Structures are given as C-alpha cells and as structure tokens.
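In what follows, a single structure is set out as structure tokens and then discussed.
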Amino acid sequence: MAKHLIVIYGPPLAGKTTVAWALARSFEEKAVVVSVDALLGGSIAVPDAEAQAELAMVHTQVRLLVATYLKNGYQVVVEGPFLFERGGVLRSFEAEVDQLVALMRHLTEAALIAGEVNVLLTAPDELIPPIAGGAELVIIATQNNHPEYKLVVVPEIRKPEDLKGKRLAISRVGASSDWLTRNALTKLGVSPDSVNIIGVGGQGERAAALQARKVDGTVIVPPAQLALEKAGMRTLVDLADLGIPYVSVSYGIRKAFLRSNPDELERLLKAYGEGMHRFKTDRDFGKMVIAKRMRMSDEEIIGATYEYYATDKVTQRIPYISMEALKYLLEQTAKTIPAAAQVKLQDIADMSIVKKLDDSGFYTALYR
C-alpha cells in the first residue's frame, strides 16, 4: 500500500484529533498520528523571547517525525491548529503544510534517486533541483507542454487593466503558480509589481479565498475553475492561449534504469499511450474516470472537465517534451537555485523511447 501523508488543521475544539485518529485506525497497515498540539505542550506559557525559538523547534520536530515514520512505512496523519501561538507570536499552520508538502516531495524524489522506485510521475520543476545537484535523473515523456491553469477573477474584473491594485492568490512564492501568474500578467500587459500577489495555499484554499472575496483572483485548473464559474466568478484568460512555455506532469526516471530497462519503459509508454487514446476517444469512459477519481457528481462540471482534458492542447497524443518549455523551467529555477543555470537540456530530457514509438507508427495506428 502506498504511504500517505494527511494533514488536518482547523480551529480549537473542531474535532481534529478525533478525525485524525479515526483516519489512522482506518488504514489496514501501520499508521500514526503526529499531534502539533501535543508537541506545543498544551497551554504552557512561554516568555516572548523564547517563543520564536520554541515554534522553530516544534516545526523541526514535526518534520523529523513525519520523515522518520514515512521512511519506515507508516501512514502519517498530522493534526494541528490554524495558528500556533506562543508569547504573542502567531504563525499560520499553512506554513507547516507547505513544509510538509515539500518534505513529501523530497522523500519521493529521494526514493527515485535511491532506486527505491523506478518511475516517478511528477512535475518537471520538482526534478530540476536534484538534477542541478548532480542526481542522475531524466524525463522521458510528458502529458502536455502548455499550462492547464486559467486566471479566474471576481466578476467586477472585466479586462486585464482592472487587475491593477487587486489581490491575486498563489500557492507560495517561487512555486509554479507564482511565476505562471507573473508571466501571465506580463503577457497581458500588466506589471506584476502593480498587483498584490499573495501566498494562500493549494487550489482548494485559493478557490475558497476567491469565493469568500478575500482575494480578487487566482490561477487554477478545471474542475475547480469550472466550479468557481458556476459560483459566479469569471475566467479572464486561459494561460495556454498566452503562449507561456510549460511542461506538465511527466515521467521521471533514473538514467541507469533507462539504460538497463528500455524495453520495460517502452511497454510503460505504450500502456500510457493506449490509456490516453481510450480517454480521448471514449467520452463515457473518460467521464466515468473523472467522476470516480475526482469524486465528482455534478454532471455539467464532469462533462466540461472531460471536454477540456480530452483536447490535444491539454493531453497530447504523442508525449514529446518541448525543449523551449524546459529551457524556460530552467531559467525560472535558476532564479532561486543558481546551479540550475549550468544544467544542459540534454541532461534533463531523453525522448528516445517516444521517438522510437512515433517512428514505428504506434501513435498513428492508435488514432486511425
């Protein structure tokens, strides 16, 4: 069974601990609850001068505990309050969630580097940092080379100029939602400096913030974008129409595994190609997959989500990787990780298997 990291947070007395333990007991394999409240020591008062140090220590403890349990095969449930408070120092639990997400990504990347997993389906911008650090990883195929994000705004914003002075939500500074938002604004003729760009969290948090009018817009993908439209918001622009280079979810592997198992990887990409063909050409099947995997029941949104993802713009028939898009990702990553500027494109992507399948007529035969 795959390891899970589940984070539950909310106001005091909301039932976080009860839900956390119920979830932990529901797993068939060993599971554990990491309680932030317990690590904070209840309501013990801490002098102002020591508050920040204690908060830093608790955050370190949480990450160490989570990493240790995950590495030893546990399912991990973390529960904590919306805000940590010590000696007048407040810190949002969103910060801890960001750290835990980063930790989970690090652990999966580390598993790939160590050979504990053979293939990792992930965003390429998550693989570039370890590659820049010397990891022998490579991308062999991608879902598409366009951003799936759409810029959704409050109905009062009718044109790009209306964005000036407004608040746009992203996940966190430096994340793809951040630099895609800034790039989109530039393409629309709006200076990113004229807009308040705020780190809010994942797509669920950003959608909730927009619906509550805490922000004026955000970049988000279907079906969340469609649900926001149904709630009265409007889509200002599809980022894919702005010509922004981007590489979507991709297959990352170790170079050593590619050298030693090309036939196995060819079978993997054949299966992916056949599955994508079924999804794109069998509407009822595609809608069933979306409804089941995304746990949706709104037929209108399910249908619109399918129509969007079944297009060749969003899901390519042949999973080639755009070198222009990878070059752009390298440039963005180099802004925070200078070593990425030294990485060569051929060190990141190897399209030999996709090209072999393409040259053999495999993809052409699928869509006859």
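Just so we're on the same page: first chain in the structure tokens is A, next is B, and so on; residues restart at 1 for each chain, and ligands are numbered from 1 in the order they show up.
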Proximity check stretch 226-248 of chain A to stretch 155-166 of chain A, 8 Å, nearest pairs one decimal Å, only C-alpha atoms, as CSV:
residue,atom,partner,partner_atom,distance
A:Gly232,CA,A:Pro155,CA,7.0
A:Met233,CA,A:Pro155,CA,5.4
A:Arg234,CA,A:Pro155,CA,5.6
A:Leu236,CA,A:Lys159,CA,7.2
Find the residues around stretch 173-185 of chain A up to 7 Å (only C-alpha atoms counted), leave out those fewer than 3 positions away in its own chain, and share them as a ChimeraX atom specification. /A:170,188-192,199,219,239
Would you save the residues of that selection, restricted to C-alpha atoms, as a PDB file, in the first residue's frame?
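Below is the file out10.pdb, written as the result:
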ATOM      1  CA  ILE A 170      -0.840  31.823  -5.489  1.00  0.00           C
ATOM      2  CA  LEU A 188      -1.487  40.706 -20.605  1.00  0.00           C
ATOM      3  CA  GLY A 189       0.389  43.998 -20.415  1.00  0.00           C
ATOM      4  CA  VAL A 190       0.070  44.332 -16.634  1.00  0.00           C
ATOM      5  CA  SER A 191       3.167  44.800 -14.488  1.00  0.00           C
ATOM      6  CA  PRO A 192       3.339  42.137 -11.735  1.00  0.00           C
ATOM      7  CA  GLY A 199       0.587  33.151  -0.962  1.00  0.00           C
ATOM      8  CA  VAL A 219      -4.735  30.749 -11.324  1.00  0.00           C
ATOM      9  CA  LEU A 239      -2.903  30.671 -19.773  1.00  0.00           C
TER      10      LEU A 239
END
Top pick for closest residue to A:Glu136, considering A:Ala207, A:Ala231, A:Leu258, A:Leu326 and counting only C-alpha atoms: A:Leu258
When distances are computed from only C-alpha atoms, which of A:Ile198, A:Ala304, A:Leu121, A:Val7 shows the smallest separation from A:Val78?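 Selected residue with least distance to A:Val78: A:Val7.
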So that I can check the secondary structure, give me every residue of stretch 121-334 of chain A assigned strand (DSSP E) by backbone DSSP, as a ChimeraX atom specification. /A:121-122,137-142,150-153,167-170,196-199,217-220,234-238,250-254
